[in-house]
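File shown: upload15.cif (mmCIF, C-alpha atoms).
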```
data_data
loop_
_atom_site.group_PDB
_atom_site.id
_atom_site.type_symbol
_atom_site.label_atom_id
_atom_site.label_comp_id
_atom_site.auth_asym_id
_atom_site.auth_seq_id
_atom_site.Cartn_x
_atom_site.Cartn_y
_atom_site.Cartn_z
ATOM 1 C CA MET A 1 5.371 16.802 -2.626
ATOM 2 C CA PRO A 2 5.298 14.684 0.541
ATOM 3 C CA THR A 3 7.380 11.523 0.493
ATOM 4 C CA ARG A 4 4.985 9.679 2.796
ATOM 5 C CA ARG A 5 1.216 9.266 2.944
ATOM 6 C CA ILE A 6 -0.462 8.778 6.300
ATOM 7 C CA LEU A 7 -3.599 6.672 5.985
ATOM 8 C CA ARG A 8 -6.196 6.066 8.668
ATOM 9 C CA LEU A 9 -7.787 2.647 9.134
ATOM 10 C CA SER A 10 -10.856 2.562 11.321
ATOM 11 C CA GLY A 11 -13.678 0.222 12.191
ATOM 12 C CA ALA A 12 -14.303 -2.565 14.688
ATOM 13 C CA ASP A 13 -12.315 -5.170 12.710
ATOM 14 C CA THR A 14 -9.250 -3.047 11.913
ATOM 15 C CA GLU A 15 -6.696 -4.635 14.235
ATOM 16 C CA ASP A 16 -7.731 -8.217 13.478
ATOM 17 C CA PHE A 17 -7.796 -7.389 9.763
ATOM 18 C CA LEU A 18 -4.202 -6.155 9.820
ATOM 19 C CA GLN A 19 -3.099 -8.987 12.084
ATOM 20 C CA GLY A 20 -4.034 -11.504 9.403
ATOM 21 C CA LEU A 21 -2.183 -9.653 6.649
ATOM 22 C CA VAL A 22 1.038 -8.006 7.808
ATOM 23 C CA THR A 23 4.388 -9.450 8.876
ATOM 24 C CA ASN A 24 4.423 -8.041 12.405
ATOM 25 C CA ASP A 25 2.184 -8.426 15.456
ATOM 26 C CA THR A 26 -0.393 -5.649 15.781
ATOM 27 C CA ARG A 27 -0.622 -6.327 19.523
ATOM 28 C CA LYS A 28 2.691 -4.455 19.778
ATOM 29 C CA LEU A 29 0.854 -1.230 18.924
ATOM 30 C CA ASP A 30 0.347 -0.622 22.634
ATOM 31 C CA ARG A 31 4.148 -0.231 22.961
ATOM 32 C CA GLY A 32 4.729 2.254 20.127
ATOM 33 C CA LEU A 33 5.278 2.250 16.394
ATOM 34 C CA VAL A 34 5.198 -1.098 14.613
ATOM 35 C CA TYR A 35 7.236 -1.609 11.443
ATOM 36 C CA ALA A 36 5.767 -4.206 9.092
ATOM 37 C CA ALA A 37 5.321 -5.255 5.486
ATOM 38 C CA LEU A 38 2.630 -6.642 3.241
ATOM 39 C CA LEU A 39 3.750 -9.568 1.079
ATOM 40 C CA ASN A 40 2.231 -11.412 -1.822
ATOM 41 C CA PRO A 41 1.263 -15.094 -1.418
ATOM 42 C CA GLN A 42 4.695 -16.095 -2.775
ATOM 43 C CA GLY A 43 6.364 -14.254 0.100
ATOM 44 C CA LYS A 44 7.685 -11.331 -1.933
ATOM 45 C CA TYR A 45 7.567 -7.723 -0.810
ATOM 46 C CA LEU A 46 4.685 -5.454 -1.802
ATOM 47 C CA ALA A 47 5.049 -2.571 0.668
ATOM 48 C CA ASP A 48 6.614 -1.664 3.998
ATOM 49 C CA PHE A 49 5.080 0.802 6.450
ATOM 50 C CA PHE A 50 4.695 1.923 10.041
ATOM 51 C CA LEU A 51 1.552 1.405 12.110
ATOM 52 C CA LYS A 52 0.498 3.609 15.030
ATOM 53 C CA ARG A 53 -2.500 3.376 17.273
ATOM 54 C CA ASP A 54 -4.464 6.639 17.254
ATOM 55 C CA GLY A 55 -7.470 6.389 19.523
ATOM 56 C CA ALA A 56 -9.863 3.836 18.072
ATOM 57 C CA SER A 57 -8.138 3.855 14.675
ATOM 58 C CA ILE A 58 -4.711 2.925 13.327
ATOM 59 C CA LEU A 59 -2.466 5.220 11.284
ATOM 60 C CA LEU A 60 -0.485 3.670 8.439
ATOM 61 C CA ASP A 61 2.640 5.546 7.300
ATOM 62 C CA VAL A 62 3.728 4.414 3.799
ATOM 63 C CA ALA A 63 5.915 5.779 1.006
ATOM 64 C CA GLU A 64 3.830 7.944 -1.325
ATOM 65 C CA PRO A 65 4.618 5.944 -4.517
ATOM 66 C CA LEU A 66 3.232 2.773 -2.910
ATOM 67 C CA ALA A 67 0.171 4.305 -1.263
ATOM 68 C CA ASP A 68 -2.434 3.893 -4.025
ATOM 69 C CA GLY A 69 -1.420 0.299 -4.705
ATOM 70 C CA LEU A 70 -1.477 -0.536 -1.008
ATOM 71 C CA VAL A 71 -4.962 0.931 -0.558
ATOM 72 C CA LYS A 72 -6.168 -1.111 -3.527
ATOM 73 C CA ARG A 73 -4.635 -4.310 -2.134
ATOM 74 C CA LEU A 74 -6.021 -3.750 1.376
ATOM 75 C CA SER A 75 -9.455 -2.981 -0.050
ATOM 76 C CA MET A 76 -9.351 -6.250 -1.986
ATOM 77 C CA TYR A 77 -8.626 -8.190 1.208
ATOM 78 C CA LYS A 78 -11.139 -6.544 3.514
ATOM 79 C CA LEU A 79 -14.266 -8.026 1.879
ATOM 80 C CA ARG A 80 -17.047 -7.579 4.464
ATOM 81 C CA ALA A 81 -14.795 -6.673 7.390
ATOM 82 C CA ASP A 82 -15.718 -3.526 9.295
ATOM 83 C CA VAL A 83 -12.694 -1.561 8.101
ATOM 84 C CA THR A 84 -12.599 1.864 6.477
ATOM 85 C CA ILE A 85 -9.426 3.063 4.744
ATOM 86 C CA GLY A 86 -9.048 6.793 4.200
ATOM 87 C CA GLU A 87 -6.759 9.791 4.352
ATOM 88 C CA SER A 88 -5.735 11.015 7.800
ATOM 89 C CA GLY A 89 -4.876 14.605 6.899
ATOM 90 C CA LEU A 90 -1.647 14.170 8.874
ATOM 91 C CA HIS A 91 1.955 14.457 7.746
ATOM 92 C CA LEU A 92 5.228 12.942 8.884
ATOM 93 C CA GLN A 93 7.693 14.842 11.059
ATOM 94 C CA ARG A 94 10.958 13.104 11.895
ATOM 95 C CA GLY A 95 14.390 13.747 13.341
ATOM 96 C CA THR A 96 17.301 12.398 15.326
ATOM 97 C CA GLY A 97 17.548 15.164 17.928
ATOM 98 C CA PRO A 98 15.308 15.777 20.939
ATOM 99 C CA ALA A 99 11.889 14.273 20.296
ATOM 100 C CA PRO A 100 8.819 16.512 20.506
ATOM 101 C CA GLU A 101 5.790 15.619 22.583
ATOM 102 C CA GLY A 102 3.855 12.756 21.042
ATOM 103 C CA ALA A 103 6.753 11.458 18.950
ATOM 104 C CA LEU A 104 7.596 7.754 18.926
ATOM 105 C CA MET A 105 10.947 6.114 18.326
ATOM 106 C CA ASP A 106 11.585 4.508 14.950
ATOM 107 C CA PRO A 107 11.456 0.768 15.745
ATOM 108 C CA ARG A 108 13.980 -0.232 13.073
ATOM 109 C CA HIS A 109 17.083 1.205 14.766
ATOM 110 C CA PRO A 110 17.807 3.794 17.506
ATOM 111 C CA ALA A 111 19.965 5.804 15.081
ATOM 112 C CA LEU A 112 16.853 6.592 13.002
ATOM 113 C CA GLY A 113 15.464 8.760 15.808
ATOM 114 C CA TRP A 114 11.781 9.581 16.123
ATOM 115 C CA ARG A 115 8.662 9.918 13.988
ATOM 116 C CA ALA A 116 5.602 12.065 14.712
ATOM 117 C CA TYR A 117 2.394 12.902 12.857
ATOM 118 C CA ALA A 118 0.841 16.376 12.680
ATOM 119 C CA GLN A 119 -1.312 18.679 10.561
ATOM 120 C CA ALA A 120 1.757 20.715 9.613
ATOM 121 C CA ALA A 121 3.550 20.017 6.332
ATOM 122 C CA GLU A 122 5.971 17.094 6.186
ATOM 123 C CA SER A 123 9.376 17.998 7.634
ATOM 124 C CA ASP A 124 12.547 16.671 9.231
ATOM 125 C CA ASP A 125 15.507 18.115 11.094
ATOM 126 C CA GLY A 126 18.005 17.826 8.259
ATOM 127 C CA SER A 127 19.585 14.561 9.371
ATOM 128 C CA ASP A 128 21.620 12.721 6.726
ATOM 129 C CA TRP A 129 19.196 9.817 6.398
ATOM 130 C CA ASP A 130 21.135 8.028 3.671
ATOM 131 C CA ALA A 131 24.324 8.084 5.764
ATOM 132 C CA ILE A 132 22.405 6.662 8.734
ATOM 133 C CA ARG A 133 20.765 3.965 6.624
ATOM 134 C CA VAL A 134 23.997 2.895 4.997
ATOM 135 C CA ALA A 135 25.880 2.826 8.310
ATOM 136 C CA HIS A 136 23.332 0.369 9.713
ATOM 137 C CA CYS A 137 22.365 -1.458 6.488
ATOM 138 C CA ILE A 138 18.748 -0.285 6.600
ATOM 139 C CA PRO A 139 16.881 -0.727 3.284
ATOM 140 C CA GLU A 140 14.778 1.997 1.699
ATOM 141 C CA THR A 141 11.467 1.620 -0.105
ATOM 142 C CA GLY A 142 11.994 1.575 -3.852
ATOM 143 C CA ILE A 143 15.784 1.258 -3.611
ATOM 144 C CA GLU A 144 16.744 -1.885 -1.726
ATOM 145 C CA LEU A 145 13.098 -2.892 -1.247
ATOM 146 C CA THR A 146 11.414 -3.805 -4.528
ATOM 147 C CA GLY A 147 8.916 -6.307 -5.833
ATOM 148 C CA ASP A 148 11.715 -8.878 -6.104
ATOM 149 C CA SER A 149 12.660 -8.613 -2.416
ATOM 150 C CA TYR A 150 12.240 -11.227 0.275
ATOM 151 C CA ILE A 151 12.071 -9.493 3.635
ATOM 152 C CA LEU A 152 14.520 -11.788 5.418
ATOM 153 C CA GLU A 153 17.124 -11.094 2.740
ATOM 154 C CA ALA A 154 16.438 -7.391 3.410
ATOM 155 C CA GLY A 155 17.141 -7.759 7.145
ATOM 156 C CA PHE A 156 13.599 -7.404 8.472
ATOM 157 C CA GLU A 157 14.316 -9.639 11.446
ATOM 158 C CA THR A 158 17.060 -7.279 12.657
ATOM 159 C CA LEU A 159 14.827 -4.290 11.862
ATOM 160 C CA ASN A 160 12.005 -5.588 14.084
ATOM 161 C CA GLY A 161 9.755 -5.880 11.051
ATOM 162 C CA VAL A 162 8.642 -9.504 11.308
ATOM 163 C CA ASP A 163 7.248 -11.656 14.114
ATOM 164 C CA PHE A 164 7.608 -15.441 13.884
ATOM 165 C CA ARG A 165 5.194 -16.186 16.739
ATOM 166 C CA LYS A 166 2.153 -14.152 15.721
ATOM 167 C CA GLY A 167 0.484 -16.726 13.489
ATOM 168 C CA CYS A 168 -0.561 -16.639 9.861
ATOM 169 C CA TYR A 169 -0.339 -13.717 7.453
ATOM 170 C CA VAL A 170 -0.046 -13.431 3.691
ATOM 171 C CA GLY A 171 3.319 -14.874 2.611
ATOM 172 C CA GLN A 172 4.005 -16.314 6.076
ATOM 173 C CA GLU A 173 4.683 -19.865 4.898
ATOM 174 C CA VAL A 174 7.496 -18.849 2.553
ATOM 175 C CA THR A 175 8.982 -16.472 5.130
ATOM 176 C CA ALA A 176 8.925 -19.114 7.869
ATOM 177 C CA ARG A 177 10.524 -21.668 5.575
ATOM 178 C CA MET A 178 13.348 -19.265 4.767
ATOM 179 C CA LYS A 179 13.843 -18.665 8.485
ATOM 180 C CA HIS A 180 13.786 -22.252 9.710
ATOM 181 C CA LYS A 181 14.733 -24.550 6.849
ATOM 182 C CA THR A 182 17.398 -22.795 4.814
ATOM 183 C CA GLU A 183 20.497 -20.670 5.217
ATOM 184 C CA LEU A 184 20.234 -17.326 3.458
ATOM 185 C CA ARG A 185 22.501 -17.402 0.431
ATOM 186 C CA LYS A 186 21.571 -13.895 -0.729
ATOM 187 C CA GLY A 187 20.827 -10.633 1.013
ATOM 188 C CA LEU A 188 21.803 -7.085 1.876
ATOM 189 C CA ALA A 189 25.203 -6.313 3.357
ATOM 190 C CA LYS A 190 27.246 -3.220 4.100
ATOM 191 C CA VAL A 191 30.326 -2.849 1.933
ATOM 192 C CA THR A 192 33.232 -0.462 1.496
ATOM 193 C CA VAL A 193 33.702 0.938 -2.005
ATOM 194 C CA GLU A 194 37.066 2.254 -3.140
ATOM 195 C CA GLY A 195 36.619 4.271 -6.323
ATOM 196 C CA PRO A 196 33.767 5.626 -8.449
ATOM 197 C CA ALA A 197 30.690 3.390 -8.646
ATOM 198 C CA ASP A 198 27.075 4.487 -8.902
ATOM 199 C CA PRO A 199 24.083 2.743 -7.338
ATOM 200 C CA GLY A 200 22.854 0.032 -9.683
ATOM 201 C CA THR A 201 26.370 -1.029 -10.708
ATOM 202 C CA GLU A 202 26.823 -4.795 -10.845
ATOM 203 C CA ILE A 203 29.315 -6.294 -8.407
ATOM 204 C CA THR A 204 31.536 -8.943 -9.933
ATOM 205 C CA THR A 205 34.347 -11.316 -9.089
ATOM 206 C CA ASP A 206 36.436 -13.022 -11.765
ATOM 207 C CA GLY A 207 34.063 -11.562 -14.325
ATOM 208 C CA LYS A 208 30.963 -13.179 -12.768
ATOM 209 C CA THR A 209 28.104 -11.122 -11.317
ATOM 210 C CA VAL A 210 27.637 -11.694 -7.583
ATOM 211 C CA GLY A 211 25.476 -8.726 -6.620
ATOM 212 C CA THR A 212 24.395 -5.131 -7.117
ATOM 213 C CA LEU A 213 25.428 -1.879 -5.470
ATOM 214 C CA HIS A 214 22.556 0.120 -3.956
ATOM 215 C CA SER A 215 22.562 3.145 -1.622
ATOM 216 C CA ARG A 216 25.979 4.768 -1.154
ATOM 217 C CA SER A 217 27.266 7.354 1.321
ATOM 218 C CA GLY A 218 30.934 8.228 0.989
ATOM 219 C CA ASP A 219 32.938 5.033 0.733
ATOM 220 C CA GLN A 220 30.211 2.973 2.434
ATOM 221 C CA ALA A 221 27.298 1.357 0.634
ATOM 222 C CA ILE A 222 24.519 -1.204 0.871
ATOM 223 C CA ALA A 223 24.845 -4.073 -1.587
ATOM 224 C CA TYR A 224 22.710 -7.041 -2.483
ATOM 225 C CA LEU A 225 25.053 -10.038 -2.645
ATOM 226 C CA ARG A 226 25.162 -13.744 -3.326
ATOM 227 C CA PHE A 227 26.989 -14.654 -0.125
ATOM 228 C CA ASP A 228 28.162 -18.012 -1.428
ATOM 229 C CA ARG A 229 29.808 -16.361 -4.434
ATOM 230 C CA ALA A 230 30.882 -12.944 -3.131
ATOM 231 C CA LYS A 231 34.381 -14.020 -2.211
ATOM 232 C CA GLY A 232 37.832 -12.902 -3.208
ATOM 233 C CA ASP A 233 38.351 -9.616 -5.059
ATOM 234 C CA LEU A 234 35.037 -7.854 -5.687
ATOM 235 C CA GLN A 235 34.549 -5.012 -8.142
ATOM 236 C CA ALA A 236 31.805 -2.569 -9.126
ATOM 237 C CA GLY A 237 32.908 -1.214 -12.472
ATOM 238 C CA THR A 238 36.434 0.029 -11.834
ATOM 239 C CA ALA A 239 35.895 0.360 -8.055
ATOM 240 C CA ARG A 240 37.063 -2.171 -5.530
ATOM 241 C CA VAL A 241 34.398 -3.523 -3.161
ATOM 242 C CA ARG A 242 35.100 -5.042 0.241
ATOM 243 C CA MET A 243 32.570 -6.695 2.549
ATOM 244 C CA ASP A 244 32.556 -5.133 6.033
#
```
Kindly transcribe the structure held in the file into structure tokens.
Amino acid sequence: MPTRRILRLSGADTEDFLQGLVTNDTRKLDRGLVYAALLNPQGKYLADFFLKRDGASILLDVAEPLADGLVKRLSMYKLRADVTIGESGLHLQRGTGPAPEGALMDPRHPALGWRAYAQAAESDDGSDWDAIRVAHCIPETGIELTGDSYILEAGFETLNGVDFRKGCYVGQEVTARMKHKTELRKGLAKVTVEGPADPGTEITTDGKTVGTLHSRSGDQAIAYLRFDRAKGDLQAGTARVRMD
């Protein structure tokens, strides 16, 4: 089964429709792939995806488990706008080696290589995607990114997934307030783990929970931490955890 679904949005109002909903600026589509998210009115994450201009339409590349819910949410918002949401018939190809013709660089980080869309079945070049993500603290849909996530805590500013100058979008007020009026006290961070500890293990110090371990590759991992409390000796079960 494919891990991604590639939707096609078409119609005269498509770009303006997306511009008023998603966290990034759709005017950047002329430069390449745009990474963005859809939030709820309280500023919490609903879905993250890539957008690509394809002629007069826009392709939307989203994780398969989120696709049906995203289509439903977008359909609810479009009202009378001239926007049609449908299947593209395309599939994701990605890799970190030489990029094929028509491929575009992943906007989140150069180490994530390229993405392309074709009729052929979904494929990649065998890159160790988890190792790359962990090395650069890049969250994954359904693992670090859940319905409880705030995108700034998930590093979306570093990942080129949010634009603070584009104007209003759903959840923009909460996101802007987190950016300009507060210091982030919680968020994702790369950690070193010494010993056995599975993703989902609570991270503690002095017996108090200060975070959760998420994706792990070797002795490196992504953790969600309370920065103001994650001090001193940290543990995940019997493993020692050290902030990088």
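Nearest-residue note for Thr158 of chain A: choosing from A:Thr201, A:Ala121, A:Trp114, A:His109, the minimum distance belongs to A:His109, counting all atoms listed in the file.
Each of A:Thr141, A:Asn24, A:Ser88, A:Ser127 was compared to Arg8 of chain A using all atoms listed in the file, and A:Ser88 turns out to be the nearest.
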Quick check on the file I pasted: which residues fall under the PyMOL selection byres ((chain A and resi 228-235) around 8)? Write them as a list of chain:residue names. A:Arg185, A:Lys186, A:Ile203, A:Thr204, A:Thr205, A:Asp206, A:Val210, A:Gly211, A:Leu225, A:Arg226, A:Phe227, A:Ala236, A:Gly237, A:Thr238, A:Ala239, A:Arg240, A:Val241, A:Arg242
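The nearest approach to Val83 of chain A among the residues A:Thr96, A:Ser149, A:Thr14, A:Thr26, with all atoms listed in the file taken into account, belongs to A:Thr14.
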Once the PyMOL selection byres ((chain A and resi 66) around 9) has been evaluated on this model, what residues remain selected, and can you format them as a ChimeraX atom specification? /A:5,46-48,62-65,67-71,141-142
What is the atom CA of Asp54 of chain A-atom CA of Ala120 of chain A distance in Å, reported with one decimal? 17.2 Å
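Nearest to Leu184 of chain A of all the residues A:Gly155, A:Pro196, A:Gly161, A:Gly147 is A:Gly155, counting only C-alpha atoms.
The gap separating atom CA of Lys190 of chain A from atom CA of Lys166 of chain A is 29.7 Å, in Å to one decimal.
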Report the residues retrieved by the PyMOL selection byres ((chain A and resi 74) around 12) from the displayed file, expressed as a PyMOL selection string. chain A and resi 7+9+14+17-18+20-22+38-40+46-47+60+67-73+75-79+81+83-86+170
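Using all atoms listed in the file for every distance, the candidate list A:Asp244, A:Thr175, A:Gly207, A:Ile222 yields A:Ile222 as the residue closest to Glu140 of chain A.
Atom pair atom CA of Gly11 of chain A / atom CA of Asp61 of chain A has a distance of 17.8 Å (rounded to one decimal).
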Using all atoms listed in the file and a cutoff of 10 Å, can you tell me which residues are near (0.8, 20.3, 12.4) in the file's coordinates, and write them out as an MDAnalysis selection string? chainID A and resid 89:93 116:122
Any chance you could turn segment 154-165 of chain A into a file with all heavy atoms, as a PDB file, in the first residue's frame?
```pdb
ATOM      1  N   ALA A 154       7.046  21.740  16.983  1.00  0.00           N
ATOM      2  CA  ALA A 154       7.546  20.682  16.110  1.00  0.00           C
ATOM      3  C   ALA A 154       8.623  21.167  15.146  1.00  0.00           C
ATOM      4  O   ALA A 154       9.068  20.405  14.287  1.00  0.00           O
ATOM      5  CB  ALA A 154       6.388  20.066  15.323  1.00  0.00           C
ATOM      6  N   GLY A 155       9.024  22.442  15.243  1.00  0.00           N
ATOM      7  CA  GLY A 155      10.128  22.941  14.434  1.00  0.00           C
ATOM      8  C   GLY A 155       9.772  23.404  13.041  1.00  0.00           C
ATOM      9  O   GLY A 155      10.637  23.498  12.172  1.00  0.00           O
ATOM     10  N   PHE A 156       8.500  23.737  12.805  1.00  0.00           N
ATOM     11  CA  PHE A 156       8.087  24.091  11.445  1.00  0.00           C
ATOM     12  C   PHE A 156       8.778  25.340  10.911  1.00  0.00           C
ATOM     13  O   PHE A 156       8.918  25.491   9.698  1.00  0.00           O
ATOM     14  CB  PHE A 156       6.568  24.274  11.384  1.00  0.00           C
ATOM     15  CG  PHE A 156       5.842  23.060  10.884  1.00  0.00           C
ATOM     16  CD1 PHE A 156       5.946  21.854  11.574  1.00  0.00           C
ATOM     17  CD2 PHE A 156       5.072  23.106   9.747  1.00  0.00           C
ATOM     18  CE1 PHE A 156       5.291  20.730  11.131  1.00  0.00           C
ATOM     19  CE2 PHE A 156       4.407  21.984   9.284  1.00  0.00           C
ATOM     20  CZ  PHE A 156       4.518  20.782   9.990  1.00  0.00           C
ATOM     21  N   GLU A 157       9.199  26.228  11.783  1.00  0.00           N
ATOM     22  CA  GLU A 157       9.889  27.420  11.290  1.00  0.00           C
ATOM     23  C   GLU A 157      11.228  27.028  10.658  1.00  0.00           C
ATOM     24  O   GLU A 157      11.566  27.488   9.563  1.00  0.00           O
ATOM     25  CB  GLU A 157      10.099  28.415  12.422  1.00  0.00           C
ATOM     26  CG  GLU A 157      10.642  29.751  11.954  1.00  0.00           C
ATOM     27  CD  GLU A 157      10.631  30.821  13.023  1.00  0.00           C
ATOM     28  OE1 GLU A 157      10.320  30.493  14.197  1.00  0.00           O
ATOM     29  OE2 GLU A 157      10.926  31.979  12.689  1.00  0.00           O
ATOM     30  N   THR A 158      11.971  26.160  11.298  1.00  0.00           N
ATOM     31  CA  THR A 158      13.239  25.671  10.761  1.00  0.00           C
ATOM     32  C   THR A 158      13.018  24.834   9.512  1.00  0.00           C
ATOM     33  O   THR A 158      13.852  24.831   8.600  1.00  0.00           O
ATOM     34  CB  THR A 158      13.970  24.836  11.823  1.00  0.00           C
ATOM     35  OG1 THR A 158      14.197  25.635  12.980  1.00  0.00           O
ATOM     36  CG2 THR A 158      15.305  24.331  11.301  1.00  0.00           C
ATOM     37  N   LEU A 159      11.889  24.146   9.440  1.00  0.00           N
ATOM     38  CA  LEU A 159      11.582  23.257   8.317  1.00  0.00           C
ATOM     39  C   LEU A 159      10.951  23.988   7.138  1.00  0.00           C
ATOM     40  O   LEU A 159      10.511  23.343   6.188  1.00  0.00           O
ATOM     41  CB  LEU A 159      10.636  22.148   8.788  1.00  0.00           C
ATOM     42  CG  LEU A 159      11.155  21.233   9.894  1.00  0.00           C
ATOM     43  CD1 LEU A 159      10.048  20.312  10.370  1.00  0.00           C
ATOM     44  CD2 LEU A 159      12.350  20.434   9.409  1.00  0.00           C
ATOM     45  N   ASN A 160      10.895  25.308   7.199  1.00  0.00           N
ATOM     46  CA  ASN A 160      10.297  26.099   6.113  1.00  0.00           C
ATOM     47  C   ASN A 160       8.836  25.735   5.878  1.00  0.00           C
ATOM     48  O   ASN A 160       8.361  25.728   4.740  1.00  0.00           O
ATOM     49  CB  ASN A 160      11.096  25.919   4.813  1.00  0.00           C
ATOM     50  CG  ASN A 160      12.552  26.306   4.974  1.00  0.00           C
ATOM     51  OD1 ASN A 160      12.862  27.405   5.433  1.00  0.00           O
ATOM     52  ND2 ASN A 160      13.458  25.406   4.616  1.00  0.00           N
ATOM     53  N   GLY A 161       8.121  25.472   6.983  1.00  0.00           N
ATOM     54  CA  GLY A 161       6.730  25.066   6.867  1.00  0.00           C
ATOM     55  C   GLY A 161       5.717  26.099   7.301  1.00  0.00           C
ATOM     56  O   GLY A 161       4.518  25.825   7.296  1.00  0.00           O
ATOM     57  N   VAL A 162       6.187  27.300   7.677  1.00  0.00           N
ATOM     58  CA  VAL A 162       5.267  28.340   8.124  1.00  0.00           C
ATOM     59  C   VAL A 162       5.809  29.690   7.665  1.00  0.00           C
ATOM     60  O   VAL A 162       7.018  29.903   7.628  1.00  0.00           O
ATOM     61  CB  VAL A 162       5.094  28.302   9.663  1.00  0.00           C
ATOM     62  CG1 VAL A 162       6.424  28.485  10.381  1.00  0.00           C
ATOM     63  CG2 VAL A 162       4.077  29.330  10.135  1.00  0.00           C
ATOM     64  N   ASP A 163       4.916  30.581   7.285  1.00  0.00           N
ATOM     65  CA  ASP A 163       5.290  31.919   6.843  1.00  0.00           C
ATOM     66  C   ASP A 163       4.552  32.927   7.723  1.00  0.00           C
ATOM     67  O   ASP A 163       3.324  32.908   7.797  1.00  0.00           O
ATOM     68  CB  ASP A 163       4.914  32.119   5.375  1.00  0.00           C
ATOM     69  CG  ASP A 163       5.495  33.389   4.791  1.00  0.00           C
ATOM     70  OD1 ASP A 163       5.123  34.486   5.276  1.00  0.00           O
ATOM     71  OD2 ASP A 163       6.306  33.315   3.854  1.00  0.00           O
ATOM     72  N   PHE A 164       5.316  33.805   8.378  1.00  0.00           N
ATOM     73  CA  PHE A 164       4.710  34.761   9.311  1.00  0.00           C
ATOM     74  C   PHE A 164       4.321  36.077   8.653  1.00  0.00           C
ATOM     75  O   PHE A 164       3.820  36.976   9.313  1.00  0.00           O
ATOM     76  CB  PHE A 164       5.670  35.021  10.482  1.00  0.00           C
ATOM     77  CG  PHE A 164       5.861  33.823  11.361  1.00  0.00           C
ATOM     78  CD1 PHE A 164       7.002  33.047  11.257  1.00  0.00           C
ATOM     79  CD2 PHE A 164       4.881  33.446  12.263  1.00  0.00           C
ATOM     80  CE1 PHE A 164       7.184  31.927  12.061  1.00  0.00           C
ATOM     81  CE2 PHE A 164       5.038  32.326  13.067  1.00  0.00           C
ATOM     82  CZ  PHE A 164       6.199  31.567  12.963  1.00  0.00           C
ATOM     83  N   ARG A 165       4.535  36.188   7.344  1.00  0.00           N
ATOM     84  CA  ARG A 165       4.215  37.435   6.640  1.00  0.00           C
ATOM     85  C   ARG A 165       3.074  37.278   5.647  1.00  0.00           C
ATOM     86  O   ARG A 165       2.668  38.247   5.014  1.00  0.00           O
ATOM     87  CB  ARG A 165       5.458  37.952   5.910  1.00  0.00           C
ATOM     88  CG  ARG A 165       6.626  38.297   6.840  1.00  0.00           C
ATOM     89  CD  ARG A 165       7.882  38.598   6.062  1.00  0.00           C
ATOM     90  NE  ARG A 165       8.343  37.420   5.323  1.00  0.00           N
ATOM     91  CZ  ARG A 165       9.413  37.392   4.545  1.00  0.00           C
ATOM     92  NH1 ARG A 165      10.125  38.483   4.358  1.00  0.00           N
ATOM     93  NH2 ARG A 165       9.767  36.279   3.922  1.00  0.00           N
TER      94      ARG A 165
END
```
